[in-house]
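**Student:** Pasting a structure below so you can have a look.
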Protein chains: 2
Amino acid sequence: MQTAYRAIRVALLGAGSVGSNVARLMIENKQELAQRVGAEFELAGILVNDPTKNRPGIPQSLLTSDAKNLILSADIVIELIGGIQPAKEYVELALNSGADVITANKALIAAHGPELFELAEQLGAQLYFEAAVAGAIPIIRPLRESLAGDKVNRVMGIVNGTTNFILDRMESTGADFNEALAEATALGYAEADPTADIEGYDAASKAAILASLAFHSEVPVEKVYREGITSVTAMQMETARQAGYAVKLLAICERVDDGLVARVHPTLIPLNHPLAAVRGAYNAVFVEAESAGQLMFYGAGAGGPQTASAILGDLVSAAKRHLAGGPGLADSVHANLEALPVQRIQTRYQITLQVSDEPGVLASIASVFAEHGVSVETVSQSAGAGGALLTVMTHRASEQALEQVVSSLRTNNSVQQVSSVIRVEGM
Amino acid sequence: MQTAYRAIRVALLGAGSVGSNVARLMIENKQELAQRVGAEFELAGILVNDPTKNRPGIPQSLLTSDAKNLILSADIVIELIGGIQPAKEYVELALNSGADVITANKALIAAHGPELFELAEQLGAQLYFEAAVAGAIPIIRPLRESLAGDKVNRVMGIVNGTTNFILDRMESTGADFNEALAEATALGYAEADPTADIEGYDAASKAAILASLAFHSEVPVEKVYREGITSVTAMQMETARQAGYAVKLLAICERVDDGLVARVHPTLIPLNHPLAAVRGAYNAVFVEAESAGQLMFYGAGAGGPQTASAILGDLVSAAKRHLAGGPGLADSVHANLEALPVQRIQTRYQITLQVSDEPGVLASIASVFAEHGVSVETVSQSAGAGGALLTVMTHRASEQALEQVVSSLRTNNSVQQVSSVIRVEGM
């Protein structure tokens with residue numbers, strides 16, 4: 001005997017890779033989901049550009065191009081269109097109609113999260129976005145709920161699979177950046193225009209979301225410091241490896257004085273750090289909290305079925321809340337630490353320099369660091385073309401002092417070139 | 001201006017390492033917690049054996065030995081006594097009085113979880129236990145909520161910090177089991193009587209809880225297959241390392257046919273598997289789900305502040321639900337897969353044998369595997385005392401067939417000793 005359940009009407013906006021997987025899972029697991037929730041999901045419709053186009057596994061009758069009527073007919077709206085408009089308009093329409101909204105749209109949340117959350121709160125509706133950061137990895141719930149009684153000091157994430165794949169290939173095969181990018185493109189890990197990934201824009205959106213969650217504060221994406229991976233060289237990877245480090249593109253959000261700094265840049269981390277073991281296109285988010293200590297969340301950061309899994313998790317939560325009332329995930333911005341510029345951080349740095357190979361160079365370089373109060377841990381020297389190559393590892397120093405050091409080095413007569421400056425974390 | 005909040009009365013049962021940290025965090029972060037929850041926590045009292053004993057940082061007036069009155073005065077009861085009785089009696093008293101209960105008591109949940117959840121459900125109360133498995137690592141919420149729309153196929157966890165510390169020391173220093181155990185004891189990682197840890201009883205309780213959550217089924221702890229780490233040798237660690245594996249004590253829960261198998265035993269996993277990088281006393285839970293793919297949750301598995309962090313997370317959730325009503329974590333046992341014996345699994349095995357060093361031995365051994373349909377992947381031979389040492393790695397085989405192989409090998413004239421049989425996972 002089948003149990004009869006109440007129906008919850010769900011509108012799906014978008015039928016791309018994630019959307020079609022969500023539709024498939026809702027159809028395939030209909031009875032199982034009904035048992036978990038205590039109500040049946042009814043797929044009210046799927047918004048697509050062309051409803052006449054056949055899509056395998058999805059009944060044609062569900063397809064529609066009429067966004068407004070579909071949204072207004074639903075209890076829960078799943079927005080998988082991406083981008084800012086018309087996604088924002090649809091999310092607002094849904095919230096205004098009293099529906100709960102689930103989205104995987106990191107750009108929308110990073111750019112307009114605060115106003116959308118405020119709108120939802122005013123209307124007593126919920127906005128879920130577990131899939132917007134790190135795909136299938138449950139990171140939103142742990143940050144908002146499990147760590148709700150703790151104090152997060154720092155979050156470091158590998159939140160972009162494309163760049164992690166590229167750096168991993170450079171490390172394991174010795175390929176240079178362009179070769180590894182070409183491989184990523186050929187394998188479908190990088191898009192035709194990879195700018196958003198390799199220049200760190202995608203990671204910066206996620207850093208803004210992670211920072212706002214971890215520190216209960218508004219963090220506009222424009223306040224996130226951002227460097228991509230295009231200037232990382234095969235030689236840099238090799239030098240790092242020999243010194244016991246991996247090069248990763250990290251999104252780092254940390255408390256600094258009474259504010260916070262969010263930043264995205266290539267980073268050296270020790271090979272025995274858990275983040276160093278995150279290979280290929282996988283993502284991971286490493287959290288340091290006052291009481292909980294070190295935590296890490298690892299998994300697939302993207303992909304249709306993986307992201308659909310996160311959407312379904314949100315759907316079950318939204319449905320349970322819809323049936324029973326009560327609190328959702330929303331959590332007011334109550335700390336509101338100011339998002340400070342990157343100059344406010346303190347960390348360690350590795351600087352590589354091409355210098356002329358003559359007596360007194362090392363003393364001259366060392367005095368530049370000393371003048372600005374930056375303490376040097378190690379210096380190693382190797383032969384370079386037309387001079388020597390110096391690799392300097394500093395102790396903890398302020399970004400501001402380090403910028404002054406680099407600026408002085410650039411005008412120093414013994415320095416031919418400052419080849420690279422890279423931050424070192426996880427010690 | 002301070003906002004005035006409603007008060008939620010919290011009873012704390014136990015003031016050991018976790019309890020005193022919970023009390024400290026509740027007192028230190030009172031205002032911050034009130035902002036997050038929208039209500040103030042009032043610590044109604046702390047149950048201790050001797051209320052006259054002074055405890056630093058905890059007001060004497062909060063201490064009481066009157067369990068009944070304390071429990072009946074509270075909205076939320078936090079049980080940190082451990083063991084079955086009187087913990088069970090107190091939890092039942094609290095639920096019957098309409099209070100929500102938070103516990104870190106894995107023994108209680110593993111032994112009496114189903115009846116306690118049923119009692120809570122009948123009374124409309126909630127029972128939270130994030131701290132009972134893997135300390136500070138948020139694993140209960142991800143399994144119950146984030147993956148609620150997915151299908152978990154397998155969970156593999158390093159869920160006991162003591163044994164992971166011992167195995168890690170054996171691997172990194174070449175120490176034998178007793179040396180590493182002595183070091184763990186000296187450093188406070190192992191208790192005076194380490195039986196529950198090193199024989200796998202603690203991990204088996206956690207495996208029962210993980211299996212019941214992952215598969216929405218009742219899994220009595222008696223159905224969990226269990227082997228400890230006392231027979232793991234330094235030589236086995238070294239052999240594993242050379243072959244590209246780490247030895248870990250894993251709690252493994254997996255779907256098998258229409259049932260599930262939960263088991264705890266020393267396991268070989270490839271060095272490039274994320275679980276192999278879990279060092280020292282850290283814990284990690286690796287989950288394979290149909291859509292989400294591979295996920296891992298990593299962090300401190302024990303410790304007063306760490307476990308207290310998980311308790312506070314549950315406390316915030318419980319308080320929000322208390323204020324707003326609505327659904328909690330509870331999730332009915334609706335799949336109820338049968339817990340099957342370990343003979344039903346299929347995996348790979350590494351078997352080491354001492355054999356006489358004479359012509360035809362290899363053929364004789366190989367035929368034993370072939371007779372029982374177990375396919376051999378590699379055999380390596382090295383010189384042993386008074387014979388040769390064979391290391392056999394099989395392809396996937398059923399546990400039942402493997403048991404028959406081992407039994408035949410033991411009576412084979414060429415075999416002096418079956419030195420070890422270890423399962424291989426994570427390939």
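Letters for chains follow the order of the structure tokens (A, B, ...), residue numbers begin at 1 for each chain, and ligand numbers begin at 1 in the order shown.
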Within 12 Å of range 373-381 of chain B, counting only C-alpha atoms, which residues show up once you throw out same-chain ones fewer than 4 positions away? Write them as an NGL selection string, please.

**Tutor:** :B and (239 or 242-243 or 346-357 or 361-363 or 365-369 or 387-406)

**Student:** Neighbouring residues of Val221 in chain A were defined as those with any atom within 8 Å, considering only C-alpha atoms; residues of the same chain fewer than 3 positions away were excluded. Please report them as a ChimeraX atom specification.

**Tutor:** /A:110-111,204-205,207-208,224

**Student:** Taking only C-alpha atoms into account, which of B:Asp176, B:Glu238, B:Glu28, B:Asp258 comes nearest Gly57 in chain B?

**Tutor:** B:Glu28

**Student:** Near chain B, which residues of chain A fall within 6 Å when you count only C-alpha atoms, and what do they look like as a PyMOL selection string?

**Tutor:** chain A and resi 136+145-150+291-292+294-299+305-306+309+312-313+324-327

**Student:** Include C-alpha atoms and write out the residues we just selected as a PDB file, in the first residue's frame.

**Tutor:**
```pdb
ATOM      1  CA  ALA A 136      28.242  19.013  -3.096  1.00  0.00           C
ATOM      2  CA  GLU A 145      24.598  25.568  12.534  1.00  0.00           C
ATOM      3  CA  SER A 146      27.262  23.191  13.814  1.00  0.00           C
ATOM      4  CA  LEU A 147      29.674  26.033  14.606  1.00  0.00           C
ATOM      5  CA  ALA A 148      26.925  28.405  15.764  1.00  0.00           C
ATOM      6  CA  GLY A 149      28.197  28.265  19.352  1.00  0.00           C
ATOM      7  CA  ASP A 150      31.860  28.592  18.451  1.00  0.00           C
ATOM      8  CA  SER A 291      36.921  25.563  20.391  1.00  0.00           C
ATOM      9  CA  ALA A 292      36.430  23.075  17.564  1.00  0.00           C
ATOM     10  CA  GLN A 294      40.798  22.477  12.815  1.00  0.00           C
ATOM     11  CA  LEU A 295      38.061  21.073  10.597  1.00  0.00           C
ATOM     12  CA  MET A 296      38.101  20.242   6.908  1.00  0.00           C
ATOM     13  CA  PHE A 297      35.272  19.562   4.456  1.00  0.00           C
ATOM     14  CA  TYR A 298      36.264  17.838   1.223  1.00  0.00           C
ATOM     15  CA  GLY A 299      34.411  16.822  -1.932  1.00  0.00           C
ATOM     16  CA  PRO A 305      24.859  15.277 -10.142  1.00  0.00           C
ATOM     17  CA  GLN A 306      27.057  16.560  -7.288  1.00  0.00           C
ATOM     18  CA  SER A 309      22.702  16.441  -4.466  1.00  0.00           C
ATOM     19  CA  LEU A 312      18.043  18.073  -2.990  1.00  0.00           C
ATOM     20  CA  GLY A 313      19.410  18.381   0.561  1.00  0.00           C
ATOM     21  CA  ALA A 324       6.085  22.264  10.158  1.00  0.00           C
ATOM     22  CA  GLY A 325       6.878  25.962  10.208  1.00  0.00           C
ATOM     23  CA  GLY A 326       9.725  26.977  12.421  1.00  0.00           C
ATOM     24  CA  PRO A 327      13.240  28.251  11.894  1.00  0.00           C
TER      25      PRO A 327
END
```

**Student:** Give me the residues near Ile71 in chain B as a tab-separated table (two decimals) with N, CA and C atoms, in the first residue's frame, where near means some atom within 7 Å (using only C-alpha atoms) and where sequence neighbours in that chain fewer than 6 positions away do not count.

**Tutor:**
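What landed in out-v1.tsv:
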```
chain	number	residue	atom	x	y	z
B	11	ALA	N	19.88	22.79	31.56
B	11	ALA	CA	20.48	21.97	32.62
B	11	ALA	C	21.67	21.23	32.06
B	77	VAL	N	18.11	19.95	28.15
B	77	VAL	CA	19.00	19.21	29.05
B	77	VAL	C	20.20	18.69	28.25
B	94	ALA	N	14.00	13.73	31.12
B	94	ALA	CA	13.99	15.03	30.43
B	94	ALA	C	13.00	15.02	29.27
```

**Student:** Residues near Thr233 in chain A, anyone? I mean within 12 Å using only C-alpha atoms, not counting same-chain ones fewer than 4 positions away, as a PyMOL selection string.

**Tutor:** chain A and resi 166-167+170-171+174-180+229+237-240+247+266+419-420+422

**Student:** Selection from above, C-alpha atoms, as a PDB file, in the first residue's frame, can you write it?

**Tutor:**
```
ATOM      1  CA  ILE A 166      45.622  23.040 -13.378  1.00  0.00           C
ATOM      2  CA  LEU A 167      47.966  23.509 -10.399  1.00  0.00           C
ATOM      3  CA  MET A 170      51.630  21.463 -13.129  1.00  0.00           C
ATOM      4  CA  GLU A 171      52.890  19.902  -9.916  1.00  0.00           C
ATOM      5  CA  GLY A 174      56.010  19.560 -14.538  1.00  0.00           C
ATOM      6  CA  ALA A 175      53.805  21.145 -17.212  1.00  0.00           C
ATOM      7  CA  ASP A 176      53.733  24.922 -17.480  1.00  0.00           C
ATOM      8  CA  PHE A 177      50.546  26.906 -16.960  1.00  0.00           C
ATOM      9  CA  ASN A 178      49.465  27.026 -20.603  1.00  0.00           C
ATOM     10  CA  GLU A 179      49.952  23.287 -21.145  1.00  0.00           C
ATOM     11  CA  ALA A 180      47.969  22.465 -18.012  1.00  0.00           C
ATOM     12  CA  ILE A 229      47.115  31.696 -11.152  1.00  0.00           C
ATOM     13  CA  MET A 237      56.008  24.715  -8.422  1.00  0.00           C
ATOM     14  CA  GLU A 238      59.282  22.787  -8.451  1.00  0.00           C
ATOM     15  CA  THR A 239      61.012  25.178  -6.040  1.00  0.00           C
ATOM     16  CA  ALA A 240      58.011  24.950  -3.710  1.00  0.00           C
ATOM     17  CA  VAL A 247      51.098  25.785  -4.475  1.00  0.00           C
ATOM     18  CA  PRO A 266      48.252  31.443  -5.058  1.00  0.00           C
ATOM     19  CA  SER A 419      60.595  37.158  -9.924  1.00  0.00           C
ATOM     20  CA  SER A 420      57.808  36.230  -7.535  1.00  0.00           C
ATOM     21  CA  ILE A 422      53.967  34.371  -2.742  1.00  0.00           C
TER      22      ILE A 422
END
```

**Student:** Could you jot down the CA of Ala104 in chain B to CA of Asp168 in chain B separation for me, Å, one decimal place?

**Tutor:**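 Result for CA of Ala104 in chain B versus CA of Asp168 in chain B: 26.0 Å, one decimal.
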
**Student:** State, in Å with one decimal place, the distance from CA of Gln126 in chain A to CA of Asp100 in chain A.

**Tutor:**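 Atom-to-atom, CA of Gln126 in chain A to CA of Asp100 in chain A, that is 4.9 Å.
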
**Student:** Taking only C-alpha atoms into account, name the residue in B:Gly259, B:Gly360, B:Gly384, B:Pro86 that is nearest to Leu13 in chain B.

**Tutor:**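 Ranking B:Gly259, B:Gly360, B:Gly384, B:Pro86 by distance to Leu13 in chain B, first place goes to B:Pro86.
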
**Student:** Could you give me, as a compact mmCIF listing (two decimals) with N, CA and C atoms, in the first residue's frame, the residues within 12 Å of Asp197 in chain B, counting only C-alpha atoms and dropping anything in the same chain fewer than 3 positions from it?

**Tutor:**
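Dumped everything to around_0.txt:
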```
# COMPACT_ATOMS: atom_id res chain seq x y z
N VAL B 159 37.39 6.95 13.28
CA VAL B 159 36.51 7.53 14.30
C VAL B 159 37.05 7.34 15.71
N ASN B 160 38.30 6.84 15.81
CA ASN B 160 38.90 6.70 17.13
C ASN B 160 40.31 7.30 17.09
N GLY B 161 40.49 8.40 17.81
CA GLY B 161 41.75 9.12 17.76
C GLY B 161 42.90 8.36 18.39
N THR B 162 42.63 7.60 19.45
CA THR B 162 43.69 6.84 20.13
C THR B 162 44.36 5.86 19.18
N THR B 163 43.54 5.07 18.49
CA THR B 163 44.11 4.07 17.60
C THR B 163 44.76 4.73 16.38
N ASN B 164 44.21 5.86 15.90
CA ASN B 164 44.85 6.51 14.76
C ASN B 164 46.21 7.07 15.16
N PHE B 165 46.28 7.60 16.40
CA PHE B 165 47.57 8.08 16.90
C PHE B 165 48.59 6.93 16.96
N ILE B 166 48.16 5.78 17.52
CA ILE B 166 49.07 4.64 17.66
C ILE B 166 49.56 4.16 16.29
N LEU B 181 51.64 2.35 21.93
CA LEU B 181 50.59 2.44 22.95
C LEU B 181 51.12 3.14 24.20
N ALA B 184 51.23 6.77 23.54
CA ALA B 184 49.87 7.33 23.56
C ALA B 184 49.38 7.51 25.00
N THR B 185 49.70 6.55 25.86
CA THR B 185 49.29 6.62 27.26
C THR B 185 50.00 7.79 27.95
N TYR B 189 46.71 10.37 25.22
CA TYR B 189 45.82 9.98 24.13
C TYR B 189 45.14 8.64 24.39
N ALA B 190 45.74 7.83 25.29
CA ALA B 190 45.12 6.54 25.62
C ALA B 190 44.81 6.52 27.11
N GLU B 191 43.70 5.88 27.47
CA GLU B 191 43.33 5.79 28.87
C GLU B 191 44.12 4.67 29.56
N ALA B 192 44.07 4.69 30.90
CA ALA B 192 44.80 3.68 31.67
C ALA B 192 44.38 2.28 31.23
N ASP B 193 43.08 2.07 31.06
CA ASP B 193 42.62 0.82 30.45
C ASP B 193 42.20 1.14 29.02
N PRO B 194 43.06 0.82 28.04
CA PRO B 194 42.79 1.25 26.66
C PRO B 194 41.92 0.29 25.87
N GLY B 200 38.65 -1.83 19.48
CA GLY B 200 37.67 -1.40 18.49
C GLY B 200 36.23 -1.26 19.00
N TYR B 201 36.02 -1.39 20.33
CA TYR B 201 34.64 -1.27 20.84
C TYR B 201 34.10 0.14 20.65
N ASP B 202 34.95 1.15 20.93
CA ASP B 202 34.52 2.54 20.76
C ASP B 202 34.16 2.80 19.29
N ALA B 203 35.01 2.36 18.39
CA ALA B 203 34.75 2.56 16.95
C ALA B 203 33.50 1.82 16.52
N ALA B 204 33.24 0.65 17.13
CA ALA B 204 32.05 -0.13 16.75
C ALA B 204 30.77 0.61 17.14
N SER B 205 30.77 1.27 18.32
CA SER B 205 29.60 2.08 18.72
C SER B 205 29.34 3.16 17.68
N LYS B 206 30.43 3.83 17.27
CA LYS B 206 30.28 4.92 16.30
C LYS B 206 29.86 4.38 14.93
N ARG B 226 33.90 -6.60 14.37
CA ARG B 226 34.90 -5.81 15.07
C ARG B 226 36.23 -6.55 15.22
N GLU B 227 37.31 -5.92 14.79
CA GLU B 227 38.68 -6.36 15.07
C GLU B 227 39.44 -5.15 15.57
N GLY B 228 40.25 -5.30 16.60
CA GLY B 228 41.07 -4.18 17.08
C GLY B 228 42.41 -4.12 16.38
N ILE B 229 43.33 -3.33 16.94
CA ILE B 229 44.63 -3.14 16.27
C ILE B 229 45.79 -3.81 17.00
N THR B 230 45.48 -4.63 18.03
CA THR B 230 46.56 -5.17 18.86
C THR B 230 47.48 -6.12 18.09
N LEU B 249 42.67 2.00 11.21
CA LEU B 249 41.50 1.32 11.78
C LEU B 249 40.28 2.05 11.23
N VAL B 264 34.43 -2.91 11.70
CA VAL B 264 35.58 -2.14 12.19
C VAL B 264 36.77 -3.07 12.17
N HIS B 265 37.82 -2.69 11.47
CA HIS B 265 39.02 -3.53 11.43
C HIS B 265 40.19 -2.76 10.84
```

**Student:** Rank A:Glu121, A:Glu425, A:Glu222, A:Glu371 by their smallest atom-to-atom distance to Ile252 in chain A, using only C-alpha atoms, and report the top residue only.

**Tutor:** A:Glu425

**Student:** Point out the residue among A:Pro341, A:Gly19, A:Pro56, A:Ile8 with the least atom-to-atom distance to Leu43 in chain A, counting only C-alpha atoms.

**Tutor:**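 Of A:Pro341, A:Gly19, A:Pro56, A:Ile8, the one nearest Leu43 in chain A, counting only C-alpha atoms, is A:Ile8.
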
**Student:** Looking only at the backbone, which of the residues in range 83-179 of chain B does DSSP tag as strand (DSSP E), as a PDB file with N, CA and C atoms, in the first residue's frame?

**Tutor:**
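The resulting file, selection_3.pdb, is shown below:
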```pdb
ATOM      1  N   ASP B 100      13.991  19.291  25.327  1.00  0.00           N
ATOM      2  CA  ASP B 100      14.852  18.728  24.299  1.00  0.00           C
ATOM      3  C   ASP B 100      16.137  18.276  24.968  1.00  0.00           C
ATOM      4  N   VAL B 101      16.788  17.253  24.401  1.00  0.00           N
ATOM      5  CA  VAL B 101      17.994  16.707  25.017  1.00  0.00           C
ATOM      6  C   VAL B 101      19.146  16.742  24.025  1.00  0.00           C
ATOM      7  N   ILE B 102      20.315  17.112  24.524  1.00  0.00           N
ATOM      8  CA  ILE B 102      21.547  17.078  23.738  1.00  0.00           C
ATOM      9  C   ILE B 102      22.499  16.137  24.453  1.00  0.00           C
ATOM     10  N   THR B 103      23.111  15.207  23.717  1.00  0.00           N
ATOM     11  CA  THR B 103      24.012  14.273  24.375  1.00  0.00           C
ATOM     12  C   THR B 103      25.265  14.040  23.546  1.00  0.00           C
ATOM     13  N   LEU B 127      16.122  14.993  20.208  1.00  0.00           N
ATOM     14  CA  LEU B 127      17.322  14.425  20.812  1.00  0.00           C
ATOM     15  C   LEU B 127      18.482  14.698  19.859  1.00  0.00           C
ATOM     16  N   TYR B 128      19.415  15.535  20.274  1.00  0.00           N
ATOM     17  CA  TYR B 128      20.552  15.930  19.429  1.00  0.00           C
ATOM     18  C   TYR B 128      21.806  15.191  19.892  1.00  0.00           C
ATOM     19  N   VAL B 152      23.298   7.385   0.074  1.00  0.00           N
ATOM     20  CA  VAL B 152      24.646   7.064   0.548  1.00  0.00           C
ATOM     21  C   VAL B 152      24.908   5.586   0.284  1.00  0.00           C
ATOM     22  N   ASN B 153      26.039   5.285  -0.325  1.00  0.00           N
ATOM     23  CA  ASN B 153      26.379   3.885  -0.583  1.00  0.00           C
ATOM     24  C   ASN B 153      27.387   3.336   0.412  1.00  0.00           C
ATOM     25  N   ARG B 154      28.198   4.243   0.990  1.00  0.00           N
ATOM     26  CA  ARG B 154      29.310   3.761   1.776  1.00  0.00           C
ATOM     27  C   ARG B 154      29.822   4.875   2.677  1.00  0.00           C
ATOM     28  N   VAL B 155      30.178   4.535   3.900  1.00  0.00           N
ATOM     29  CA  VAL B 155      30.812   5.468   4.821  1.00  0.00           C
ATOM     30  C   VAL B 155      32.055   4.776   5.367  1.00  0.00           C
ATOM     31  N   MET B 156      33.199   5.445   5.319  1.00  0.00           N
ATOM     32  CA  MET B 156      34.419   4.882   5.911  1.00  0.00           C
ATOM     33  C   MET B 156      34.979   5.939   6.847  1.00  0.00           C
ATOM     34  N   GLY B 157      35.139   5.593   8.117  1.00  0.00           N
ATOM     35  CA  GLY B 157      35.584   6.610   9.053  1.00  0.00           C
ATOM     36  C   GLY B 157      36.766   6.199   9.897  1.00  0.00           C
ATOM     37  N   ILE B 158      37.650   7.166  10.127  1.00  0.00           N
ATOM     38  CA  ILE B 158      38.642   7.048  11.191  1.00  0.00           C
ATOM     39  C   ILE B 158      37.971   7.742  12.373  1.00  0.00           C
TER      40      ILE B 158
END
```

**Student:** Enumerate as a PyMOL selection string all residues of range 113-351 of chain B assigned to helix (DSSP H, G or I) by DSSP on the backbone, naming them with the chain letters and numbers the document uses.

**Tutor:** chain B and resi 113-123+130-132+140-146+161-173+177-186+195-198+201-215+221-223+234-242+274-277+304-324+342-344
